[in-house]
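Pasting query_35.csv here (CSV, C-alpha atoms):
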chain,number,residue,atom,x,y,z
A,4,MET,CA,0.0,0.0,0.0
A,5,LEU,CA,1.3,3.4,-1.0
A,6,ASN,CA,0.4,6.1,1.6
A,7,ILE,CA,0.0,9.6,0.1
A,8,GLY,CA,-0.3,13.0,1.8
A,9,ILE,CA,-1.9,15.8,-0.2
A,10,ILE,CA,-0.9,19.4,0.6
A,11,GLY,CA,-3.6,21.9,-0.6
A,12,LEU,CA,-7.2,20.9,-1.0
A,13,GLY,CA,-8.6,23.3,-3.6
A,14,SER,CA,-10.0,22.1,-6.9
A,15,MET,CA,-6.8,20.3,-8.0
A,16,GLY,CA,-6.2,18.8,-4.6
A,17,MET,CA,-9.7,17.3,-4.6
A,18,THR,CA,-9.3,16.1,-8.2
A,19,HIS,CA,-6.1,14.3,-7.2
A,20,PHE,CA,-7.8,12.9,-4.0
A,21,SER,CA,-10.6,11.4,-6.1
A,22,ALA,CA,-8.2,9.9,-8.7
A,23,TYR,CA,-6.2,8.2,-6.0
A,24,ALA,CA,-9.4,6.8,-4.5
A,25,ALA,CA,-10.0,4.9,-7.8
A,26,LEU,CA,-6.6,3.3,-7.8
A,27,PRO,CA,-5.7,0.0,-6.2
A,28,LYS,CA,-3.2,-0.4,-3.3
A,29,VAL,CA,-3.0,3.4,-2.7
A,30,ARG,CA,-4.6,5.6,-0.1
A,31,VAL,CA,-4.6,9.2,0.9
A,32,VAL,CA,-3.8,9.0,4.6
A,33,ALA,CA,-3.5,12.7,5.3
A,34,VAL,CA,-4.3,16.1,3.8
A,35,ALA,CA,-3.1,19.6,4.8
A,36,ASP,CA,-4.9,22.8,4.2
A,37,GLN,CA,-5.2,26.0,6.2
A,38,LYS,CA,-9.0,25.7,5.8
A,39,PHE,CA,-9.0,23.1,8.5
A,40,SER,CA,-8.3,25.8,11.0
A,41,ARG,CA,-11.9,27.0,10.4
A,42,PRO,CA,-15.0,25.3,11.9
A,43,GLU,CA,-16.6,24.7,8.5
A,44,GLY,CA,-13.6,22.7,7.3
A,45,ALA,CA,-12.2,22.6,3.7
A,46,VAL,CA,-14.5,23.6,0.9
A,47,GLY,CA,-12.9,23.6,-2.6
A,48,ARG,CA,-14.1,25.0,-5.9
A,49,ALA,CA,-14.9,23.4,-9.2
A,50,GLY,CA,-12.2,23.3,-11.9
A,51,ASN,CA,-12.4,24.2,-15.6
A,52,ILE,CA,-13.1,20.7,-16.9
A,53,ALA,CA,-16.3,18.7,-16.4
A,54,GLY,CA,-15.5,15.7,-14.2
A,55,GLN,CA,-13.1,17.5,-11.8
A,56,SER,CA,-14.1,16.8,-8.2
A,57,SER,CA,-15.7,19.6,-6.2
A,58,THR,CA,-16.2,17.5,-3.0
A,59,VAL,CA,-14.4,14.6,-1.4
A,60,ASP,CA,-15.1,12.2,1.5
A,61,LEU,CA,-12.4,12.8,4.2
A,62,THR,CA,-13.7,10.1,6.5
A,63,GLY,CA,-10.7,8.4,8.2
A,64,VAL,CA,-8.2,10.8,6.6
A,65,LYS,CA,-6.0,12.9,8.9
A,66,LYS,CA,-6.5,16.6,8.5
A,67,TYR,CA,-3.7,18.9,9.2
A,68,VAL,CA,-3.6,22.7,9.1
A,69,THR,CA,0.0,23.0,8.1
A,70,ALA,CA,2.2,21.2,5.6
A,71,GLU,CA,4.8,20.8,8.4
A,72,GLU,CA,2.5,18.6,10.4
A,73,LEU,CA,1.8,16.4,7.3
A,74,LEU,CA,5.5,16.1,6.5
A,75,ALA,CA,6.2,15.1,10.0
A,76,ASP,CA,3.7,12.2,9.8
A,77,PRO,CA,5.7,8.9,9.4
A,78,GLU,CA,2.7,7.2,7.8
A,79,VAL,CA,3.0,9.5,4.7
A,80,THR,CA,5.6,8.1,2.3
A,81,ALA,CA,4.7,10.1,-0.9
A,82,VAL,CA,3.6,13.7,-1.1
A,83,ASP,CA,1.3,15.5,-3.7
A,84,ILE,CA,1.6,19.3,-3.7
A,85,CYS,CA,-1.5,21.2,-5.0
A,86,THR,CA,-0.9,24.6,-3.5
A,87,PRO,CA,-0.6,28.0,-5.2
A,88,THR,CA,2.6,28.2,-7.4
A,89,LEU,CA,4.5,30.5,-5.1
A,90,LEU,CA,4.7,27.7,-2.5
A,91,HIS,CA,5.8,24.9,-4.8
A,92,LYS,CA,9.6,25.3,-4.3
A,93,ALA,CA,9.5,25.6,-0.5
A,94,LEU,CA,7.1,22.7,0.0
A,95,ALA,CA,8.9,20.4,-2.5
A,96,LEU,CA,12.2,21.0,-0.8
A,97,ALA,CA,10.7,20.4,2.6
A,98,ALA,CA,9.1,17.1,1.5
A,99,ILE,CA,12.3,15.9,0.0
A,100,ARG,CA,14.3,16.9,3.0
A,101,ALA,CA,11.7,15.2,5.3
A,102,GLY,CA,12.7,11.9,3.6
A,103,LYS,CA,9.6,11.5,1.5
A,104,THR,CA,10.6,9.1,-1.4
A,105,ALA,CA,8.3,10.5,-4.1
A,106,VAL,CA,7.0,14.0,-4.5
A,107,LEU,CA,4.5,15.2,-7.1
A,108,VAL,CA,4.3,18.9,-7.7
A,109,GLU,CA,1.4,20.5,-9.6
A,110,LYS,CA,2.5,22.6,-12.6
A,111,PRO,CA,4.6,24.6,-12.7
A,112,LEU,CA,7.3,22.9,-10.7
A,113,ALA,CA,8.3,26.2,-9.2
A,114,ARG,CA,7.7,29.9,-9.7
A,115,THR,CA,10.9,30.3,-11.8
A,116,ALA,CA,13.3,28.1,-13.8
A,117,ALA,CA,16.0,28.9,-11.3
A,118,GLU,CA,13.9,27.7,-8.4
A,119,ALA,CA,12.9,24.6,-10.3
A,120,ARG,CA,16.6,23.8,-11.0
A,121,GLU,CA,17.2,24.1,-7.2
A,122,VAL,CA,14.4,21.6,-6.4
A,123,LEU,CA,15.7,19.2,-9.1
A,124,ALA,CA,19.2,19.3,-7.7
A,125,VAL,CA,18.1,18.5,-4.2
A,126,ALA,CA,15.9,15.7,-5.4
A,127,GLU,CA,18.8,14.2,-7.3
A,128,GLU,CA,21.1,14.6,-4.3
A,129,LYS,CA,18.6,12.8,-2.0
A,130,GLY,CA,17.5,10.2,-4.5
A,131,ALA,CA,13.9,11.2,-4.4
A,132,LEU,CA,11.4,10.8,-7.3
A,133,LEU,CA,10.4,14.3,-8.5
A,134,PHE,CA,7.3,14.2,-10.7
A,135,PRO,CA,6.0,17.5,-12.2
A,136,ALA,CA,2.3,17.2,-12.9
A,137,HIS,CA,2.2,18.1,-16.6
A,138,CYS,CA,-1.1,16.4,-17.2
A,139,MET,CA,-1.4,17.0,-21.0
A,140,ARG,CA,1.2,14.3,-21.5
A,141,PHE,CA,-1.3,11.8,-20.2
A,142,TRP,CA,-4.5,13.2,-21.7
A,143,PRO,CA,-6.6,11.0,-23.9
A,144,GLY,CA,-6.3,12.3,-27.5
A,145,TRP,CA,-3.1,14.2,-26.7
A,146,ASP,CA,-1.2,11.0,-26.1
A,147,TRP,CA,-2.6,9.8,-29.5
A,148,LEU,CA,-1.0,12.9,-31.1
A,149,LYS,CA,2.3,12.3,-29.5
A,150,LYS,CA,2.4,8.8,-31.0
A,151,ALA,CA,1.1,10.0,-34.4
A,152,VAL,CA,3.8,12.6,-34.7
A,153,ALA,CA,6.6,10.3,-33.5
A,154,GLU,CA,5.6,7.6,-36.0
A,155,ALA,CA,5.1,10.1,-38.8
A,156,ARG,CA,1.9,8.1,-39.2
A,157,TYR,CA,0.4,10.6,-41.7
A,158,GLY,CA,3.6,12.2,-42.9
A,159,ALA,CA,5.4,15.2,-41.5
A,160,VAL,CA,3.6,17.9,-39.6
A,161,GLN,CA,2.9,21.0,-41.6
A,162,SER,CA,1.2,23.0,-38.9
A,163,ALA,CA,0.0,22.6,-35.3
A,164,ALA,CA,-2.1,25.1,-33.4
A,165,PHE,CA,-3.0,24.7,-29.7
A,166,SER,CA,-5.6,26.8,-27.9
A,167,ARG,CA,-6.4,27.0,-24.2
A,168,LEU,CA,-8.8,29.7,-23.0
A,169,GLY,CA,-10.4,29.6,-19.5
A,170,ALA,CA,-12.0,31.5,-16.7
A,171,LYS,CA,-9.7,33.5,-14.6
A,172,PRO,CA,-10.1,31.9,-11.2
A,173,PRO,CA,-12.3,34.0,-8.9
A,174,VAL,CA,-9.6,34.2,-6.2
A,175,PRO,CA,-7.7,37.4,-5.3
A,176,LEU,CA,-4.4,35.5,-5.4
A,177,TYR,CA,-4.7,35.2,-9.2
A,178,ASN,CA,-4.3,39.0,-9.4
A,179,ASP,CA,-0.9,38.6,-7.7
A,180,ALA,CA,1.6,38.5,-10.5
A,181,ALA,CA,4.5,37.5,-8.3
A,182,ALA,CA,2.6,34.6,-6.8
A,183,ILE,CA,0.9,33.1,-9.9
A,184,GLY,CA,2.5,34.6,-13.0
A,185,GLY,CA,-0.7,35.3,-14.9
A,186,ALA,CA,-2.3,33.0,-17.4
A,187,HIS,CA,1.0,32.8,-19.3
A,188,LEU,CA,2.4,30.7,-16.4
A,189,ASP,CA,-0.7,29.2,-14.8
A,190,LEU,CA,-2.6,28.2,-18.0
A,191,HIS,CA,-0.4,28.4,-21.1
A,192,ILE,CA,2.4,26.3,-19.6
A,193,HIS,CA,0.3,23.2,-20.4
A,194,ASP,CA,0.7,23.8,-24.1
A,195,ALA,CA,4.3,25.0,-23.9
A,196,ASP,CA,5.2,21.8,-22.2
A,197,PHE,CA,3.3,19.7,-24.6
A,198,VAL,CA,4.9,21.3,-27.6
A,199,GLN,CA,8.3,20.4,-26.2
A,200,HIS,CA,7.0,16.9,-25.4
A,201,VAL,CA,5.9,16.3,-29.0
A,202,PHE,CA,8.3,18.3,-31.2
A,203,GLY,CA,11.4,18.6,-29.0
A,204,ARG,CA,13.2,21.7,-27.7
A,205,PRO,CA,12.4,24.7,-29.9
A,206,THR,CA,15.4,26.6,-31.3
A,207,ALA,CA,13.6,30.0,-30.8
A,208,VAL,CA,10.3,31.5,-29.8
A,209,THR,CA,8.4,34.6,-31.1
A,210,SER,CA,5.7,35.6,-28.6
A,211,PHE,CA,3.0,38.2,-28.2
A,212,GLY,CA,1.1,39.0,-25.0
A,213,ARG,CA,-1.4,41.2,-23.3
A,214,ALA,CA,-1.0,42.1,-19.6
A,215,GLY,CA,-4.0,42.0,-17.3
A,216,GLU,CA,-4.9,43.9,-14.2
A,217,SER,CA,-2.2,42.1,-12.2
A,218,GLY,CA,0.4,43.3,-14.6
A,219,ALA,CA,1.2,39.7,-15.6
A,220,ILE,CA,0.5,38.4,-19.1
A,221,GLU,CA,-3.1,37.1,-19.2
A,222,HIS,CA,-3.3,36.4,-23.0
A,223,THR,CA,-0.5,35.1,-25.0
A,224,ILE,CA,0.4,33.6,-28.4
A,225,THR,CA,3.7,32.0,-29.3
A,226,HIS,CA,5.2,30.7,-32.5
A,227,TYR,CA,7.8,28.0,-31.9
A,228,HIS,CA,10.7,27.6,-34.3
A,229,PHE,CA,12.5,24.3,-34.9
A,230,SER,CA,15.8,23.5,-36.6
A,231,GLY,CA,15.4,21.6,-39.8
A,232,SER,CA,11.6,22.0,-39.9
A,233,ASP,CA,9.3,24.6,-41.5
A,234,ALA,CA,6.2,23.4,-39.6
A,235,LEU,CA,4.1,26.3,-38.2
A,236,VAL,CA,3.7,25.5,-34.5
A,237,THR,CA,1.7,27.9,-32.4
A,238,ALA,CA,0.0,28.0,-29.0
A,239,GLU,CA,-2.5,30.5,-27.6
A,240,GLY,CA,-3.5,30.7,-24.0
A,241,GLY,CA,-5.5,33.2,-21.9
A,242,TRP,CA,-8.0,34.0,-19.2
A,243,THR,CA,-11.5,35.1,-20.4
A,244,ARG,CA,-13.4,38.0,-18.8
A,245,ASP,CA,-16.9,36.8,-19.5
A,246,ALA,CA,-16.1,33.4,-18.0
A,247,GLU,CA,-19.7,32.5,-17.1
A,248,LYS,CA,-20.8,32.9,-20.7
A,249,ILE,CA,-17.8,31.3,-22.5
A,250,PRO,CA,-17.0,27.6,-22.0
A,251,PHE,CA,-13.5,26.5,-21.4
A,252,VAL,CA,-11.6,25.9,-24.6
A,253,MET,CA,-9.0,23.2,-25.0
A,254,ARG,CA,-8.2,22.4,-28.6
A,255,TYR,CA,-5.6,21.5,-31.1
A,256,ALA,CA,-5.6,21.3,-34.9
A,257,VAL,CA,-2.6,19.5,-36.4
A,258,THR,CA,-2.2,19.2,-40.2
A,259,PHE,CA,0.1,16.4,-41.5
A,260,GLU,CA,1.1,15.8,-45.1
A,261,ARG,CA,-1.8,13.3,-45.5
A,262,ALA,CA,-4.3,14.2,-42.8
A,263,THR,CA,-5.6,16.7,-40.3
A,264,ALA,CA,-6.4,15.9,-36.7
A,265,VAL,CA,-8.7,18.1,-34.6
A,266,TYR,CA,-9.3,17.7,-30.9
A,267,GLU,CA,-12.1,19.6,-29.1
A,268,LEU,CA,-12.9,19.4,-25.4
A,269,GLY,CA,-16.5,20.5,-25.7
A,270,GLU,CA,-19.2,18.9,-23.6
A,271,LYS,CA,-17.7,15.6,-24.6
A,272,PRO,CA,-14.1,15.4,-25.8
A,273,SER,CA,-13.7,14.5,-29.5
A,274,LEU,CA,-10.8,13.7,-31.8
A,275,ARG,CA,-11.5,13.6,-35.5
A,276,LEU,CA,-9.2,12.7,-38.3
A,277,TYR,CA,-9.8,14.2,-41.8
A,278,GLN,CA,-8.2,12.6,-44.9
A,279,ALA,CA,-8.7,13.3,-48.6
A,280,GLY,CA,-11.3,11.1,-50.2
A,281,LYS,CA,-12.5,9.7,-46.8
A,282,SER,CA,-15.3,10.5,-44.4
A,283,ALA,CA,-14.2,12.1,-41.1
A,284,GLU,CA,-12.9,9.4,-38.7
A,285,GLU,CA,-13.8,9.6,-35.0
A,286,ILE,CA,-10.8,8.5,-33.0
A,287,PRO,CA,-12.0,6.6,-29.9
A,288,LEU,CA,-11.0,8.3,-26.6
A,289,ALA,CA,-10.7,6.7,-23.2
A,290,ASP,CA,-13.4,7.9,-20.9
A,291,ALA,CA,-11.1,9.4,-18.3
A,292,LEU,CA,-9.4,12.7,-17.5
A,293,GLY,CA,-5.6,12.9,-18.0
A,294,TYR,CA,-5.3,13.4,-14.2
A,295,ALA,CA,-6.2,9.7,-13.6
A,296,ASN,CA,-3.6,8.5,-16.0
A,297,GLU,CA,-1.0,10.9,-14.6
A,298,LEU,CA,-1.5,9.9,-11.0
A,299,ALA,CA,-1.6,6.2,-11.9
A,300,GLU,CA,1.9,6.7,-13.4
A,301,PHE,CA,3.1,8.6,-10.4
A,302,VAL,CA,1.9,5.8,-8.1
A,303,ARG,CA,3.6,3.2,-10.3
A,304,CYS,CA,6.9,5.1,-10.2
A,305,ALA,CA,6.6,5.7,-6.5
A,306,ARG,CA,6.1,2.0,-5.8
A,307,GLU,CA,8.9,0.9,-8.0
A,308,GLY,CA,11.3,3.7,-7.1
A,309,LYS,CA,11.9,4.5,-10.7
A,310,PRO,CA,11.5,7.6,-12.8
A,311,SER,CA,8.8,7.9,-15.4
A,312,PRO,CA,9.7,7.7,-19.2
A,313,LEU,CA,6.8,10.2,-19.7
A,314,VAL,CA,7.8,13.1,-17.5
A,315,SER,CA,10.7,14.0,-15.3
A,316,GLY,CA,12.0,16.8,-13.0
A,317,ALA,CA,14.1,18.0,-15.9
A,318,ASP,CA,11.0,18.4,-18.0
A,319,GLY,CA,9.5,20.6,-15.3
A,320,VAL,CA,12.6,22.8,-15.5
A,321,ALA,CA,12.6,22.8,-19.3
A,322,ALA,CA,8.9,24.0,-19.3
A,323,LEU,CA,9.8,27.0,-17.1
A,324,GLU,CA,12.8,27.8,-19.2
A,325,LEU,CA,10.6,27.9,-22.3
A,326,ILE,CA,8.0,30.0,-20.6
A,327,GLU,CA,10.6,32.5,-19.5
A,328,ALA,CA,12.0,32.7,-23.1
A,329,GLU,CA,8.5,33.5,-24.3
A,330,LEU,CA,8.1,36.3,-21.7
A,331,GLU,CA,11.5,37.7,-22.8
A,332,SER,CA,10.2,37.7,-26.4
A,333,ILE,CA,7.1,39.6,-25.3
A,334,ALA,CA,9.0,42.2,-23.4
A,335,ALA,CA,11.7,42.7,-26.1
A,336,GLY,CA,9.3,42.5,-29.0
A,337,LYS,CA,11.6,40.1,-30.9
A,338,THR,CA,12.4,36.5,-31.5
A,339,ILE,CA,14.4,34.9,-28.7
A,340,ASN,CA,16.9,32.1,-29.4
A,341,LEU,CA,17.0,29.2,-26.9
Translate this file's structure into structure tokens.
Amino acid sequence: MLNIGIIGLGSMGMTHFSAYAALPKVRVVAVADQKFSRPEGAVGRAGNIAGQSSTVDLTGVKKYVTAEELLADPEVTAVDICTPTLLHKALALAAIRAGKTAVLVEKPLARTAAEAREVLAVAEEKGALLFPAHCMRFWPGWDWLKKAVAEARYGAVQSAAFSRLGAKPPVPLYNDAAAIGGAHLDLHIHDADFVQHVFGRPTAVTSFGRAGESGAIEHTITHYHFSGSDALVTAEGGWTRDAEKIPFVMRYAVTFERATAVYELGEKPSLRLYQAGKSAEEIPLADALGYANELAEFVRCAREGKPSPLVSGADGVAALELIEAELESIAAGKTINL
């Protein structure tokens, strides 16, 4: 049995809690959240995607107010960090130094690439499994795209456009640029990481962005350049103002030499393949969210004490390095080489 402690019980913490509950030979033995200092206990909020948990049953689970209490619990062997971004570095380091053998950190791995490199160095020094939660690598339909590109199943990629537009979380913290980093870091990093996962490290980025009320970038578009390829690869991400009227958008459209694949989240996720002379083909998708696949992989790696071939601490660092190059491009108004 793998015993997990979750730090942070907002929408993502509850989503992770529910995913663990569905897995065999794993249990959440403790949770930590400052909300437990209040009589009404912890109440989370719904996430962007249908199917994310908004309530959980904490019967029999130890409830701590502070992360320090949870990390001091010898029953907890693996830690899942679902707090605001600004706390990721300190909590990851504390978990590793407390002797926890496996540590999952919600994206991004830290607030900056420099902080992420520090966390990775300590994890390597202590021999701890560090697992950045870049969930799109595990998402049904997105894993299909990774394989289709790697196999050149429909020829070379000519263009790939990723879109992610969602409600700005109705929490004052999200107006704190230093803590969250705007939509560019909080939302767009999903697609920046996935671009690297599928196409490899870009050689340069050309980015455009609009700052929001926090001063951070809240809408962004990036063109990724790759050596030896003329494929047009772009990603757009942003927070919407009329969130209650506009559904969350998570989409990609990838044109190969012999086909075009279009993924749409919608009320029900769909992936359609279009080829000349054929009717549109509906690609079957697993009836699960990527979080379930992601956490199943984390549990497997934690049990075996081995890193995942799908995501690593180094990938968490690389995603932040790419994000910071994009921000540099926006600020300078020019293409930035990596």
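With atom CA of A:Ala321 on one side and atom CA of A:Arg213 on the other, the separation reads 23.5 Å.
Taking only C-alpha atoms into account, A:Arg140 lies nearest to A:Val201 out of the set A:Ala328, A:Ala70, A:Ile9, A:Val201.
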Would you work out the distance separating atom CA of A:Lys38 from atom CA of A:Met17, expressed in Å to one decimal?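 We find that atom CA of A:Lys38 and atom CA of A:Met17 lie 13.4 Å from each other.
If you measure from each of A:Tyr277, A:Tyr294, A:Tyr255, A:Tyr227 to A:Glu329 using only C-alpha atoms, the closest one turns out to be A:Tyr227.
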Could you state the separation of atom CA of A:Val152 and atom CA of A:Glu270 in Å, given to one decimal place? 26.3 Å
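Near (17.0, 32.8, -29.7), the residues inside the 12 Å limit, counting only C-alpha atoms, come to Arg204, Pro205, Thr206, Ala207, Val208, Thr209, Ser210, Tyr227, His228, Phe229, Ser230, Leu325, Ala328, Glu329, Glu331, Ser332, Ala335, Lys337, Thr338, Ile339, Asn340 and Leu341 of chain A.
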Just the residues within 12 Å of A:Ala101, please, counting all atoms listed in the file, with nothing from its chain fewer than 4 positions along; format it as a compact mmCIF listing (two decimals) with C-alpha atoms, keeping the file's coordinate frame.
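Wrote selection-v9.txt, looks like this:
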# COMPACT_ATOMS: atom_id res chain seq x y z
CA ALA A 70 2.20 21.20 5.60
CA GLU A 71 4.80 20.80 8.40
CA GLU A 72 2.50 18.60 10.40
CA LEU A 73 1.80 16.40 7.30
CA LEU A 74 5.50 16.10 6.50
CA ALA A 75 6.20 15.10 10.00
CA ASP A 76 3.70 12.20 9.80
CA PRO A 77 5.70 8.90 9.40
CA VAL A 79 3.00 9.50 4.70
CA THR A 80 5.60 8.10 2.30
CA ALA A 81 4.70 10.10 -0.90
CA VAL A 82 3.60 13.70 -1.10
CA LEU A 94 7.10 22.70 0.00
CA ALA A 95 8.90 20.40 -2.50
CA LEU A 96 12.20 21.00 -0.80
CA ALA A 97 10.70 20.40 2.60
CA ALA A 105 8.30 10.50 -4.10
CA VAL A 106 7.00 14.00 -4.50
CA VAL A 125 18.10 18.50 -4.20
CA ALA A 126 15.90 15.70 -5.40
CA LYS A 129 18.60 12.80 -2.00
CA ALA A 131 13.90 11.20 -4.40
Close residues, A:Pro272 itself excluded, 10 Å, all atoms listed in the file, min 4 positions apart in chain, as a list of chain:residue names: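 Returned residues: A:Pro143, A:Gly144, A:Met253, A:Arg254, A:Tyr266, A:Glu267, A:Leu268, A:Pro287, A:Leu288, A:Ala289, A:Asp290, A:Leu292.
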Residues at most 9 Å from A:Gly63, counting only C-alpha atoms, excluding those fewer than 2 positions away in the same chain, as a PDB file with C-alpha atoms, in the coordinates of the input?
ATOM      1  CA  VAL A  32      -3.800   9.000   4.600  1.00  0.00           C
ATOM      2  CA  ALA A  33      -3.500  12.700   5.300  1.00  0.00           C
ATOM      3  CA  ASP A  60     -15.100  12.200   1.500  1.00  0.00           C
ATOM      4  CA  LEU A  61     -12.400  12.800   4.200  1.00  0.00           C
ATOM      5  CA  LYS A  65      -6.000  12.900   8.900  1.00  0.00           C
TER       6      LYS A  65
END
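For the set A:Pro310, A:Gly185, A:Gly169, A:Gly203, the residue with the smallest atom-to-atom gap to A:Arg244 is A:Gly169, counting all atoms listed in the file.
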Nearest to A:Leu132 among A:Gly102, A:Gly240, A:Gly212, A:Pro250, with distances taken over all atoms listed in the file: which residue is it? A:Gly102
A:Gly184, A:Gly130, A:Gly269, A:Gly319: which is nearest A:His200, counting only C-alpha atoms?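 Of A:Gly184, A:Gly130, A:Gly269, A:Gly319, the one nearest A:His200, counting only C-alpha atoms, is A:Gly319.
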Select, counting all atoms listed in the file, all protein, DNA and RNA residues no farther than 10 Å from (-0.8, 37.2, -8.2) in file coordinates, and express the selection as a list in words.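 Final list of nearby residues, as requested, is Pro87, Thr88, Leu89, Val174, Pro175, Leu176, Tyr177, Asn178, Asp179, Ala180, Ala181, Ala182, Ile183, Gly184, Gly185, Glu216, Ser217, Gly218 and Ala219 of chain A.
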I'd like to know which of A:Val64, A:Thr237, A:Leu323, A:Glu154 is closest to A:Asp189, using only C-alpha atoms.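 When distances to A:Asp189 are compared using only C-alpha atoms, the smallest one comes from A:Leu323.
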